[in-house]
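Read through the structure below, which is laid out as structure tokens, and then see the notes.
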2 protein chains.
Amino acid sequence: MTDRRLRGPVRIVGAGLLGASIGLALRERGVDVILSDISPATLTLAIDYGAGRAAAVGDAPELIVVCVPPDVVATTVALELDAYPDALVTDVASIKLAPLLQLRALGADLSRYIGSHPMAGRERGGAISARADLFIGRPWVIAGHDDITYRRAAAVEDLALDLGSVPLEMDAAEHDASVAMVSHVPQVLSSLLAARLHHASDATVGLAGQGLRDMTRIAASDPELWVQILAANAQPVGAVLEALRDDLDRVIRSLSDPAVPGARRALAESLADGNIGVARIPGKHGQAKHFSQIVIKVDDRPGELAKLLTEIGEVGVNMEDLRLEHSPRAQIGLAEISVLPEEEQRLVEELEARGWQIAGAFS
Amino acid sequence: MTDRRLRGPVRIVGAGLLGASIGLALRERGVDVILSDISPATLTLAIDYGAGRAAAVGDAPELIVVCVPPDVVATTVALELDAYPDALVTDVASIKLAPLLQLRALGADLSRYIGSHPMAGRERGGAISARADLFIGRPWVIAGHDDITYRRAAAVEDLALDLGSVPLEMDAAEHDASVAMVSHVPQVLSSLLAARLHHASDATVGLAGQGLRDMTRIAASDPELWVQILAANAQPVGAVLEALRDDLDRVIRSLSDPAVPGARRALAESLADGNIGVARIPGKHGQAKHFSQIVIKVDDRPGELAKLLTEIGEVGVNMEDLRLEHSPRAQIGLAEISVLPEEEQRLVEELEARGWQIAGAFS
């Protein structure tokens, strides 16, 4: 595990979840990591965790990774570029165009800055939740621009590779438009949908099923962080939301009188477009979804699910995905297992032969 | 398992997933089940599955359960009320006010009709996916009205209890408004969000993470069925969608110039309202969520997840929920285990001692 591309030292500014996780991963590979944070308590915690050491006179970092909230990325990067005139500087914020434009406006040395964005997604938790393997297998966007040479930017790609990520080159505006679509707009919709439950009756929320639970999970995210992200990516997020509002208006119009000719057809087209869109989302290992689902009844006793998965292993069927669904007010759950379609029938038969109750099987 | 409240016979009209599942469950309990379907092929399939028998001259059902698409519920119920003047008739459609009003307009005998709605949710699949335990532990709404006596309606509650459901009395309009909020509006939002991906670039959809996947899962639902549901519940769904559009407009206005005083505050309030709303959704066993999540790295090899769950069982910690998260393009996954907060630290320590890699732990 000590294979590495970076020589180091690497200086990390901001020792929250992402900064401390990068520090831990680099330390595991033997890289000298220098940690910095405006909060002495956060810094001490991250150092105690083994994510790096405190700065010292004469530090000469090869690479500086700025892991601070979106609002202060540009000013922090500019300070680091000034303080370490030989270092390459990157940041990991989830928006990429605003920091670049701000740095340009500040007259920063863009020949030594390249923004990046690891799609690691777990903003919750601070240094206490930091883990060295947070980035393994995740895309790590590197936002190329024309003021930095290919060779000068290499250390950022090395960082992504050293941490087990998959580096992807993408221009800052394209990145921001993409994350607006796949991350920021879903966050807004989830929050707005969940907010509608604030004043719903207990009877209403009591009917909630897995669909609503899935759609509101990310509504639990940190508002303070998300205000910064949305404000920094306001134009692309606003553009998608405006298009969605138009789509929503069409549905509202159709529902205002579903008996009007064409109203039902418009509804059907919106729903069918959703079918097509969701099929484009890559699932496990980047494949589009094409699995069969088998739903199995699992008693809510310790060990029952482990027993089920052990027996699926014995049958020799590879489980592509698994989700649990809980029945409100009942001491049982349903396990939905995704398998290749050609395995579905055999697995159902084998599980039934072993006494499992199958609640459904779908292709 | 042969404890039962219903005497029977029970006649089921419409032998799709719900009808055939009810038939199977009642047959398991020894109830005489009569099946009917406008499609002879569907009927034969459901009979072959053991969900009941064909109708015969002289059948005298105690209860008739109409399991047909929303658009034809009222006319089908009216025909059954006429054909079997001694039977109680119910239906299982996911909207309740429209059929009641239509039946009233048709002059049907409402002293023998009471609508109901099992929140079983798996409309996919037809009779081939039918399972006797589909309803276990699910809420089963019974939509009371003033034209039927308490005693006359008892058989519907018996049906729900015999099938292992939890009967809930709710008036038809309240039911429809509730499912508009917790089921129909989420469906519309999921479909509209997914539809926006239809023409997105491959690079954009390649950045999709678990948040987007969760939010678009139900966008794969059947458009034909959902047009009927939305059209039949147009007013309550439209009302929630209009409120959401106003919320969305507020967000769009804030994003049009996030530097304007108050814009960020408005965004923060929407996001914070989402925090409050999502916390109201009951999780497992009807409790509001208050679990800690532990994220564990699991190699994508058969048996790895079973091994993890077996070891969690050995540690003696009860797993409240589990979800898998797959890393695009990587042969590993992350298992997110929910446990009681007081168990979190011990489980993390025990798993680490057994060599598992913890990618995060959150309260």
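Letters A, B, ... mark the chains of the structure tokens in the order given; residue numbers begin at 1 per chain; ligand numbers begin at 1, in order shown.
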Residues within 12 Å of Arg280 (chain B), only C-alpha atoms, excluding chain neighbours under 3 positions, as number ranges by chain:
A: 194-208, 212-213, 216-217, 219-220; B: 182, 273-277, 283, 286-290
Within 9 Å of Pro99 (chain B), counting only C-alpha atoms, which residues qualify if same-chain residues fewer than 2 places away don't, as a list of chain:residue names?
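With the cut-off at 9 Å, the set is B:Pro70, B:Asp71, B:Val72, B:Val73, B:Ala74, B:Thr75, B:Val77, B:Ala93, B:Ile95, B:Lys96, B:Leu97, B:Leu101, B:Gln102, B:Leu103, B:Arg104, B:Gly115, B:Ala232.
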Residue with smallest distance to chain A - pool B:Leu161, B:Leu334, B:Leu88, B:Ile252, counting only C-alpha atoms:
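For chain A, the nearest of the candidates is B:Ile252.
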Would you please give, as a VMD selection string, all residues of region 194-322 of chain A that DSSP assigns to helix (DSSP H, G or I) based on the backbone?
chain A and resid 194 to 195 202 to 206 210 to 220 223 to 232 234 to 256 263 to 279 284 to 286 304 to 315
Just checking: using only C-alpha atoms, which residue out of A:Ser129, A:Ser190, A:Ser270, A:Thr90 ends up closest to Ser254 (chain A)?
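Distance minimum relative to Ser254 (chain A) lands on A:Ser270.
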In Å, rounded to a single decimal, give me how far CA of Tyr49 (chain B) is from CA of Arg11 (chain B).
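Interatomic distance here is 16.2 Å.
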B:Asp48, B:Asp162, B:Glu242, B:Glu352: which is nearest Ser256 (chain A), counting only C-alpha atoms?
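Among B:Asp48, B:Asp162, B:Glu242, B:Glu352, it is B:Glu242 that comes nearest to Ser256 (chain A).
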